[in-house]
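query-v3.cif, holding mmCIF, C-alpha atoms:
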data_coords
loop_
_atom_site.label_atom_id
_atom_site.label_comp_id
_atom_site.auth_asym_id
_atom_site.auth_seq_id
_atom_site.Cartn_x
_atom_site.Cartn_y
_atom_site.Cartn_z
CA MET O 3 -115.00 86.32 -168.98
CA SER O 4 -118.24 84.64 -169.99
CA ALA O 5 -121.70 85.47 -168.71
CA SER O 6 -121.69 82.28 -166.63
CA GLN O 7 -118.83 83.70 -164.59
CA ILE O 8 -120.98 86.65 -163.51
CA PRO O 9 -123.28 85.20 -160.82
CA PRO O 10 -127.03 85.41 -161.41
CA GLU O 11 -127.44 87.80 -158.46
CA LEU O 12 -125.21 90.29 -160.28
CA GLN O 13 -126.91 89.89 -163.63
CA SER O 14 -129.09 92.85 -164.52
CA ILE O 15 -126.71 95.77 -164.27
CA GLY O 16 -127.68 99.39 -164.78
CA ALA O 17 -125.29 102.03 -166.08
CA ILE O 18 -125.50 105.82 -165.80
CA GLY O 19 -122.73 108.01 -167.17
CA LEU O 20 -121.91 106.86 -170.68
CA GLY O 21 -119.10 109.23 -171.56
CA ILE O 22 -115.40 108.89 -172.23
CA MET O 23 -114.95 106.35 -169.41
CA GLY O 24 -118.45 105.00 -168.84
CA ALA O 25 -119.16 103.94 -172.43
CA PRO O 26 -116.13 101.67 -172.89
CA MET O 27 -116.55 100.22 -169.40
CA THR O 28 -120.18 99.42 -170.21
CA ARG O 29 -119.17 97.86 -173.53
CA ASN O 30 -116.76 95.59 -171.68
CA LEU O 31 -119.59 94.41 -169.43
CA LEU O 32 -121.73 93.74 -172.48
CA ALA O 33 -118.89 91.86 -174.16
CA ALA O 34 -118.60 89.74 -171.01
CA GLY O 35 -122.21 88.70 -171.45
CA ALA O 36 -123.78 90.86 -168.78
CA ASP O 37 -127.39 91.99 -169.02
CA VAL O 38 -126.95 95.77 -169.03
CA GLN O 39 -129.62 98.45 -168.98
CA VAL O 40 -128.63 102.08 -169.61
CA TRP O 41 -130.17 105.50 -169.10
CA ALA O 42 -128.94 108.92 -170.14
CA ARG O 43 -130.44 112.39 -170.15
CA ARG O 44 -129.63 112.49 -173.86
CA PRO O 45 -131.37 109.43 -175.37
CA GLU O 46 -128.93 109.27 -178.29
CA THR O 47 -126.13 108.46 -175.84
CA ALA O 48 -127.98 105.38 -174.61
CA GLU O 49 -128.98 104.42 -178.15
CA ALA O 50 -125.31 104.26 -179.16
CA LEU O 51 -124.79 101.51 -176.61
CA ALA O 52 -127.98 99.73 -177.65
CA GLN O 53 -126.13 98.78 -180.83
CA ASP O 54 -123.75 96.79 -178.61
CA GLY O 55 -126.57 95.01 -176.82
CA ALA O 56 -127.55 97.36 -174.00
CA GLN O 57 -131.22 97.90 -173.19
CA PRO O 58 -132.09 101.63 -173.09
CA CYS O 59 -134.49 102.80 -170.38
CA THR O 60 -136.75 105.79 -170.82
CA SER O 61 -136.35 107.07 -167.25
CA LEU O 62 -134.16 106.83 -164.19
CA PRO O 63 -136.90 105.17 -162.09
CA GLU O 64 -137.39 102.50 -164.77
CA LEU O 65 -133.67 101.73 -164.72
CA VAL O 66 -133.33 101.68 -160.94
CA ARG O 67 -136.34 99.42 -160.40
CA GLY O 68 -135.12 96.91 -162.99
CA VAL O 69 -131.54 96.21 -161.88
CA ARG O 70 -129.67 94.55 -159.04
CA VAL O 71 -126.43 96.51 -159.50
CA LEU O 72 -126.24 100.15 -160.59
CA VAL O 73 -122.98 101.59 -161.95
CA LEU O 74 -122.36 105.35 -161.91
CA ASN O 75 -119.66 107.06 -163.94
CA VAL O 76 -120.38 110.80 -163.85
CA SER O 77 -118.30 113.95 -163.58
CA ASP O 78 -118.48 115.44 -160.10
CA THR O 79 -119.80 115.24 -156.55
CA PRO O 80 -123.00 117.24 -157.19
CA ASP O 81 -123.87 114.90 -160.06
CA VAL O 82 -123.66 111.83 -157.82
CA GLU O 83 -125.56 113.58 -155.03
CA ALA O 84 -128.33 114.61 -157.43
CA LEU O 85 -128.63 111.11 -158.83
CA MET O 86 -128.59 109.38 -155.46
CA LEU O 87 -130.30 111.86 -153.13
CA GLY O 88 -132.25 114.24 -155.33
CA PRO O 89 -135.99 114.31 -155.97
CA ASP O 90 -137.01 111.28 -158.03
CA GLY O 91 -133.47 109.97 -157.57
CA VAL O 92 -132.04 106.49 -157.04
CA LEU O 93 -132.91 106.19 -153.35
CA GLU O 94 -136.55 107.11 -153.99
CA HIS O 95 -136.97 104.16 -156.34
CA ALA O 96 -134.39 101.59 -155.21
CA ARG O 97 -135.49 98.20 -154.00
CA PRO O 98 -133.84 96.94 -150.78
CA GLY O 99 -130.65 95.10 -151.63
CA LEU O 100 -129.62 97.29 -154.55
CA ILE O 101 -125.84 97.76 -154.82
CA VAL O 102 -124.54 101.00 -156.32
CA ILE O 103 -120.98 101.11 -157.66
CA ASP O 104 -119.69 104.65 -158.09
CA HIS O 105 -116.72 104.84 -160.46
CA SER O 106 -116.83 108.66 -160.43
CA THR O 107 -114.11 110.67 -158.71
CA ILE O 108 -115.84 112.69 -156.00
CA ASP O 109 -115.40 114.14 -152.52
CA PRO O 110 -114.61 111.35 -150.00
CA MET O 111 -116.46 112.93 -147.08
CA ARG O 112 -119.61 113.44 -149.13
CA THR O 113 -119.21 109.88 -150.39
CA ARG O 114 -119.54 108.71 -146.80
CA ALA O 115 -122.68 110.80 -146.34
CA ILE O 116 -124.21 109.26 -149.48
CA ALA O 117 -123.31 105.77 -148.23
CA ARG O 118 -125.03 106.46 -144.89
CA ALA O 119 -128.16 107.74 -146.62
CA ALA O 120 -128.17 104.69 -148.89
CA ALA O 121 -127.80 102.31 -145.94
CA GLU O 122 -130.93 103.81 -144.38
CA ARG O 123 -132.81 102.62 -147.49
CA GLU O 124 -131.11 99.17 -147.42
CA VAL O 125 -128.96 100.12 -150.41
CA THR O 126 -125.19 99.56 -150.42
CA PHE O 127 -123.07 102.34 -151.93
CA VAL O 128 -119.56 101.27 -152.96
CA ASP O 129 -117.01 103.86 -154.07
CA ALA O 130 -114.72 102.46 -156.75
CA PRO O 131 -112.89 105.27 -158.58
CA VAL O 132 -110.52 104.17 -161.31
CA SER O 133 -107.15 105.08 -162.75
CA GLY O 134 -105.93 104.34 -166.25
CA GLY O 135 -107.82 106.82 -168.42
CA GLU O 136 -109.73 106.06 -171.59
CA PRO O 137 -107.11 103.55 -172.88
CA GLY O 138 -107.49 101.53 -169.69
CA ALA O 139 -111.28 101.75 -169.88
CA ARG O 140 -111.26 100.41 -173.43
CA ALA O 141 -108.80 97.62 -172.66
CA GLY O 142 -110.42 96.64 -169.37
CA THR O 143 -107.14 97.22 -167.54
CA LEU O 144 -108.16 99.96 -165.12
CA SER O 145 -106.92 100.09 -161.55
CA LEU O 146 -109.84 100.17 -159.09
CA MET O 147 -109.58 101.69 -155.62
CA VAL O 148 -112.56 100.44 -153.65
CA GLY O 149 -114.25 101.53 -150.44
CA GLY O 150 -117.13 99.67 -148.86
CA PRO O 151 -118.09 96.54 -146.93
CA VAL O 152 -115.60 93.76 -147.63
CA ASP O 153 -118.28 91.12 -148.23
CA VAL O 154 -120.01 93.27 -150.84
CA VAL O 155 -116.72 94.12 -152.54
CA GLU O 156 -115.95 90.42 -152.82
CA ARG O 157 -119.39 89.72 -154.27
CA LEU O 158 -118.75 92.42 -156.89
CA ARG O 159 -115.34 91.06 -157.86
CA PRO O 160 -116.62 89.40 -161.09
CA ILE O 161 -117.87 92.79 -162.30
CA PHE O 162 -114.70 94.58 -161.25
CA GLU O 163 -112.56 92.01 -163.06
CA VAL O 164 -114.32 92.81 -166.33
CA VAL O 165 -113.48 96.54 -166.22
CA GLY O 166 -110.10 96.45 -164.47
CA SER O 167 -106.97 94.39 -164.01
CA THR O 168 -106.10 95.63 -160.53
CA LEU O 169 -108.52 95.74 -157.60
CA THR O 170 -107.56 97.04 -154.17
CA HIS O 171 -110.09 97.11 -151.36
CA VAL O 172 -108.73 100.13 -149.51
CA GLY O 173 -111.20 100.19 -146.61
CA ASP O 174 -114.69 101.32 -145.62
CA SER O 175 -116.87 103.83 -147.49
CA GLY O 176 -114.85 106.78 -148.80
CA ALA O 177 -111.52 104.96 -148.63
CA GLY O 178 -111.51 104.37 -152.38
CA GLN O 179 -112.05 108.07 -153.01
CA ILE O 180 -109.26 108.96 -150.60
CA ALA O 181 -106.93 106.60 -152.48
CA LYS O 182 -107.96 108.26 -155.76
CA ALA O 183 -107.20 111.70 -154.29
CA CYS O 184 -103.74 110.42 -153.35
CA ASN O 185 -103.35 109.03 -156.87
CA GLN O 186 -104.15 112.40 -158.42
CA LEU O 187 -101.72 114.13 -156.06
CA VAL O 188 -98.89 111.80 -157.10
CA VAL O 189 -99.75 112.13 -160.80
CA GLY O 190 -99.71 115.94 -160.68
CA GLU O 191 -96.51 116.31 -158.70
CA THR O 192 -94.80 113.75 -160.93
CA LEU O 193 -95.88 115.59 -164.07
CA VAL O 194 -94.45 118.82 -162.68
CA ALA O 195 -91.17 117.03 -161.94
CA ILE O 196 -91.09 115.58 -165.47
CA GLY O 197 -91.75 119.00 -166.98
CA GLU O 198 -88.89 120.48 -164.98
CA ALA O 199 -86.59 117.58 -165.92
CA PHE O 200 -87.34 118.04 -169.62
CA ALA O 201 -86.68 121.78 -169.34
CA LEU O 202 -83.45 121.20 -167.43
CA ALA O 203 -82.20 118.75 -170.07
CA GLU O 204 -83.06 121.11 -172.93
CA GLN O 205 -81.46 124.15 -171.28
CA THR O 206 -78.24 122.22 -170.69
CA GLY O 207 -78.01 120.90 -174.23
CA VAL O 208 -79.19 117.33 -173.58
CA ASP O 209 -81.77 115.57 -175.72
CA PRO O 210 -84.88 115.10 -173.50
CA ALA O 211 -85.67 111.83 -175.29
CA ARG O 212 -82.28 110.37 -174.36
CA MET O 213 -82.59 111.73 -170.82
CA ARG O 214 -85.99 110.06 -170.49
CA GLU O 215 -84.58 106.80 -171.82
CA ALA O 216 -81.82 106.90 -169.20
CA LEU O 217 -84.29 107.62 -166.38
CA MET O 218 -86.63 104.84 -167.47
CA GLY O 219 -83.88 102.32 -166.78
CA GLY O 220 -83.28 103.55 -163.24
CA PHE O 221 -85.00 104.37 -159.99
CA ALA O 222 -86.80 107.40 -161.47
CA GLY O 223 -88.59 105.24 -164.02
CA SER O 224 -92.38 105.30 -163.72
CA ARG O 225 -95.54 104.66 -165.70
CA ILE O 226 -96.11 108.42 -165.84
CA LEU O 227 -92.64 109.05 -167.26
CA GLU O 228 -93.18 106.22 -169.74
CA VAL O 229 -96.60 107.28 -171.04
CA HIS O 230 -96.82 111.03 -170.44
CA GLY O 231 -93.13 111.57 -171.07
CA GLN O 232 -93.65 110.10 -174.53
CA ARG O 233 -96.71 112.31 -175.00
CA LEU O 234 -94.55 115.34 -174.30
CA LEU O 235 -91.94 114.22 -176.81
CA ASP O 236 -94.59 113.55 -179.47
CA GLY O 237 -96.74 116.59 -178.71
CA ASP O 238 -99.69 114.20 -178.48
CA PHE O 239 -102.31 115.51 -176.08
CA GLU O 240 -105.42 113.70 -177.31
CA PRO O 241 -107.26 113.15 -174.06
CA GLY O 242 -106.98 109.98 -172.09
CA PHE O 243 -107.97 112.15 -169.14
CA GLN O 244 -108.89 115.78 -169.70
CA THR O 245 -107.15 118.65 -167.94
CA GLY O 246 -110.52 120.23 -167.11
CA LEU O 247 -111.58 117.15 -165.15
CA TYR O 248 -108.21 117.01 -163.43
CA HIS O 249 -108.74 120.59 -162.24
CA LYS O 250 -111.87 119.34 -160.48
CA ASP O 251 -109.93 116.46 -158.91
CA LEU O 252 -107.28 118.81 -157.55
CA GLY O 253 -110.02 120.75 -155.79
CA ILE O 254 -111.03 117.50 -154.09
CA VAL O 255 -107.41 116.86 -153.07
CA ALA O 256 -107.00 120.37 -151.67
CA GLY O 257 -110.30 120.17 -149.78
CA LEU O 258 -109.32 116.85 -148.25
CA GLY O 259 -105.98 118.26 -147.14
CA GLU O 260 -107.68 121.25 -145.55
CA ALA O 261 -110.16 118.98 -143.78
CA VAL O 262 -107.36 117.11 -142.01
CA GLY O 263 -105.02 120.07 -141.53
CA LEU O 264 -102.36 119.23 -144.14
CA SER O 265 -100.92 122.05 -146.24
CA LEU O 266 -99.88 119.80 -149.17
CA ASP O 267 -97.29 122.32 -150.34
CA GLY O 268 -96.33 120.17 -153.34
CA LEU O 269 -99.84 120.60 -154.67
CA MET O 270 -99.48 124.35 -155.18
CA PRO O 271 -97.27 124.29 -158.32
CA VAL O 272 -99.51 121.58 -159.78
CA ARG O 273 -102.63 123.72 -159.35
CA ARG O 274 -100.86 126.77 -160.80
CA ALA O 275 -99.77 124.75 -163.84
CA VAL O 276 -103.29 123.47 -164.40
CA ASP O 277 -104.68 127.00 -164.08
CA GLU O 278 -102.16 128.15 -166.71
CA ALA O 279 -103.20 125.33 -169.02
CA LEU O 280 -106.89 126.18 -168.63
CA GLU O 281 -106.25 129.87 -169.27
CA ALA O 282 -104.48 128.83 -172.47
CA GLY O 283 -107.56 126.95 -173.61
CA GLN O 284 -106.24 123.44 -172.98
CA ALA O 285 -109.13 122.10 -170.88
CA ASP O 286 -109.91 119.37 -173.41
CA HIS O 287 -106.28 118.25 -173.76
CA ASP O 288 -104.75 115.35 -171.89
CA VAL O 289 -103.51 116.17 -168.40
CA ALA O 290 -99.95 115.46 -169.55
CA ILE O 291 -99.91 118.94 -171.06
CA LEU O 292 -99.57 120.55 -167.62
CA ALA O 293 -95.88 119.54 -167.69
CA ARG O 294 -95.46 122.23 -170.35
CA PHE O 295 -96.92 124.87 -168.06
CA CYS O 296 -95.19 124.14 -164.75
CA LEU O 297 -92.26 126.48 -165.41
CA HIS O 298 -94.58 129.27 -166.62
CA ALA O 299 -96.59 128.95 -163.42
CA ARG O 300 -93.44 129.24 -161.36
CA ASP O 301 -92.27 132.26 -163.35
CA ASP O 302 -95.55 133.97 -162.53
CA GLN O 303 -94.71 133.57 -158.86
CA GLY O 304 -91.41 135.41 -159.34
CA ARG O 305 -89.22 132.33 -159.21
#
Rewritten as structure tokens:
Amino acid sequence: MSASQIPPELQSIGAIGLGIMGAPMTRNLLAAGADVQVWARRPETAEALAQDGAQPCTSLPELVRGVRVLVLNVSDTPDVEALMLGPDGVLEHARPGLIVIDHSTIDPMRTRAIARAAAEREVTFVDAPVSGGEPGARAGTLSLMVGGPVDVVERLRPIFEVVGSTLTHVGDSGAGQIAKACNQLVVGETLVAIGEAFALAEQTGVDPARMREALMGGFAGSRILEVHGQRLLDGDFEPGFQTGLYHKDLGIVAGLGEAVGLSLDGLMPVRRAVDEALEAGQADHDVAILARFCLHARDDQGR
């Protein structure tokens, strides 16, 4: 995509959260010709992106006042709340008409509260969590799950198409975060199933690699079995998405289930496996590693 394909009203994009996901997503916007300003609490983080053409800002207010679209990519709900609602935060300095895109994975109900507070200041807050990990962020092939006003989402499509290959407008504010919670639930339960399948194959004298190959050609085939199943075979747990961050996401899933009265029984072995992985010091490893801990977690429950 060239800069001319990003409409002038979307040119001048701010970016906050320049980590494992935010940095490559920002670089893709720069490569697409966007005018991107960046701010980080650690100036060296912003300076790294300046080498790719970003304009570093010395303060959050400077960034907010100088952009038409602001992209957030931070770790957790309190981080987004502090940035948006806190003293000297985004809403204190935003001009009417600012659009905020939040690619973070945070609590859906609190997302809706942030969106309401933003609307009172004539700012539109769009939740757009992503799936695809660091490889997808680098390649610009992320899947975006978007919540917000349909007309604004359509206006933002040129930006979304730079960072992702799949865009689904799920519904109003918070709907994107709810879809991401569902995504994380499916990922975790599938990883537990894959871990059990690998163990079952090994214990019955079958090569897990050949078992996986057979499953990939049938109804049990999935992207998780393809990518994370291969990680398990290779023992490759360099993070595409860290287990420590996934632990946070599972808390969001559990809280959402409690809020609507669902027990989500399938979530329990996933959370136990993640807890086992964290206790073993695997917080920085890719989430695929929890498949190695699912049977341990069950053993601890006397199964």
(message) For this structure, which residues satisfy the selection - the PyMOL selection byres ((chain O and resi 230) around 10) - when it is evaluated on the file as given? I want them as a PyMOL selection string.
(response) chain O and resi 193+196+224-229+231-239+288-291+293
(request) Could you give me, as JSON, numbers by chain, the residues within 8 Å of Leu187 of chain O, counting only C-alpha atoms and dropping anything in the same chain fewer than 5 positions from it? (result) {"O": [252, 255, 269]}
For segment 35-44 of chain O: contacts at 6 Å, only C-alpha atoms, fewer than 6 positions along chain excluded, given as a PDB file with C-alpha atoms, in the frame of the given file:
ATOM      1  CA  SER O   4    -118.240  84.640-169.990  1.00  0.00           C
ATOM      2  CA  ALA O   5    -121.700  85.470-168.710  1.00  0.00           C
ATOM      3  CA  GLN O  13    -126.910  89.890-163.630  1.00  0.00           C
ATOM      4  CA  SER O  14    -129.090  92.850-164.520  1.00  0.00           C
ATOM      5  CA  ILE O  15    -126.710  95.770-164.270  1.00  0.00           C
ATOM      6  CA  GLY O  16    -127.680  99.390-164.780  1.00  0.00           C
ATOM      7  CA  ALA O  17    -125.290 102.030-166.080  1.00  0.00           C
ATOM      8  CA  ILE O  18    -125.500 105.820-165.800  1.00  0.00           C
ATOM      9  CA  ALA O  56    -127.550  97.360-174.000  1.00  0.00           C
ATOM     10  CA  GLN O  57    -131.220  97.900-173.190  1.00  0.00           C
ATOM     11  CA  PRO O  58    -132.090 101.630-173.090  1.00  0.00           C
ATOM     12  CA  CYS O  59    -134.490 102.800-170.380  1.00  0.00           C
TER      13      CYS O  59
END
(request) Run the PyMOL selection byres ((chain O and resi 152) around 12) on the file and write out the hits as a PyMOL selection string. (result) chain O and resi 126+128+148-151+153-159+170-175+177
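Interatomic distance, atom CA of Ile103 of chain O to atom CA of Pro131 of chain O: 9.1 Å.
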With N, CA and C atoms as the target, complete segment 134-158 of chain O and hand it back as a short mmCIF file (atom, residue, chain, number, x, y, z; two decimals), in the coordinates of the input.
data_model
loop_
_atom_site.label_atom_id
_atom_site.label_comp_id
_atom_site.auth_asym_id
_atom_site.auth_seq_id
_atom_site.Cartn_x
_atom_site.Cartn_y
_atom_site.Cartn_z
N GLY O 134 -106.33 105.00 -165.02
CA GLY O 134 -105.93 104.34 -166.25
C GLY O 134 -106.44 105.04 -167.50
N GLY O 135 -107.35 106.01 -167.30
CA GLY O 135 -107.82 106.82 -168.42
C GLY O 135 -108.62 106.03 -169.45
N GLU O 136 -108.95 106.70 -170.55
CA GLU O 136 -109.73 106.06 -171.59
C GLU O 136 -109.06 104.80 -172.16
N PRO O 137 -107.73 104.79 -172.38
CA PRO O 137 -107.11 103.55 -172.88
C PRO O 137 -107.35 102.37 -171.95
N GLY O 138 -107.24 102.60 -170.64
CA GLY O 138 -107.49 101.53 -169.69
C GLY O 138 -108.94 101.11 -169.66
N ALA O 139 -109.85 102.08 -169.84
CA ALA O 139 -111.28 101.75 -169.88
C ALA O 139 -111.60 100.89 -171.09
N ARG O 140 -111.01 101.20 -172.22
CA ARG O 140 -111.26 100.41 -173.43
C ARG O 140 -110.68 99.00 -173.30
N ALA O 141 -109.48 98.91 -172.74
CA ALA O 141 -108.80 97.62 -172.66
C ALA O 141 -109.25 96.77 -171.48
N GLY O 142 -110.01 97.37 -170.56
CA GLY O 142 -110.42 96.64 -169.37
C GLY O 142 -109.27 96.42 -168.41
N THR O 143 -108.33 97.37 -168.37
CA THR O 143 -107.14 97.22 -167.54
C THR O 143 -107.04 98.32 -166.48
N LEU O 144 -108.17 98.90 -166.11
CA LEU O 144 -108.16 99.96 -165.12
C LEU O 144 -107.70 99.44 -163.76
N SER O 145 -107.21 100.37 -162.95
CA SER O 145 -106.92 100.09 -161.55
C SER O 145 -108.08 100.64 -160.72
N LEU O 146 -108.69 99.78 -159.90
CA LEU O 146 -109.84 100.17 -159.09
C LEU O 146 -109.44 100.29 -157.63
N MET O 147 -109.84 101.42 -157.03
CA MET O 147 -109.58 101.69 -155.62
C MET O 147 -110.93 101.70 -154.92
N VAL O 148 -111.19 100.71 -154.08
CA VAL O 148 -112.56 100.44 -153.65
C VAL O 148 -112.74 100.67 -152.16
N GLY O 149 -113.84 101.35 -151.82
CA GLY O 149 -114.25 101.53 -150.44
C GLY O 149 -115.64 100.99 -150.23
N GLY O 150 -115.82 100.23 -149.15
CA GLY O 150 -117.13 99.67 -148.86
C GLY O 150 -117.01 98.39 -148.06
N PRO O 151 -118.12 97.77 -147.72
CA PRO O 151 -118.09 96.54 -146.93
C PRO O 151 -117.34 95.43 -147.67
N VAL O 152 -116.46 94.75 -146.98
CA VAL O 152 -115.60 93.76 -147.63
C VAL O 152 -116.40 92.65 -148.28
N ASP O 153 -117.51 92.21 -147.65
CA ASP O 153 -118.28 91.12 -148.23
C ASP O 153 -118.93 91.54 -149.54
N VAL O 154 -119.40 92.79 -149.61
CA VAL O 154 -120.01 93.27 -150.84
C VAL O 154 -118.96 93.43 -151.93
N VAL O 155 -117.80 93.96 -151.56
CA VAL O 155 -116.72 94.12 -152.54
C VAL O 155 -116.34 92.77 -153.14
N GLU O 156 -116.27 91.74 -152.32
CA GLU O 156 -115.95 90.42 -152.82
C GLU O 156 -117.04 89.89 -153.74
N ARG O 157 -118.29 90.15 -153.40
CA ARG O 157 -119.39 89.72 -154.27
C ARG O 157 -119.29 90.40 -155.64
N LEU O 158 -118.83 91.64 -155.64
CA LEU O 158 -118.75 92.42 -156.89
C LEU O 158 -117.51 92.11 -157.71
#
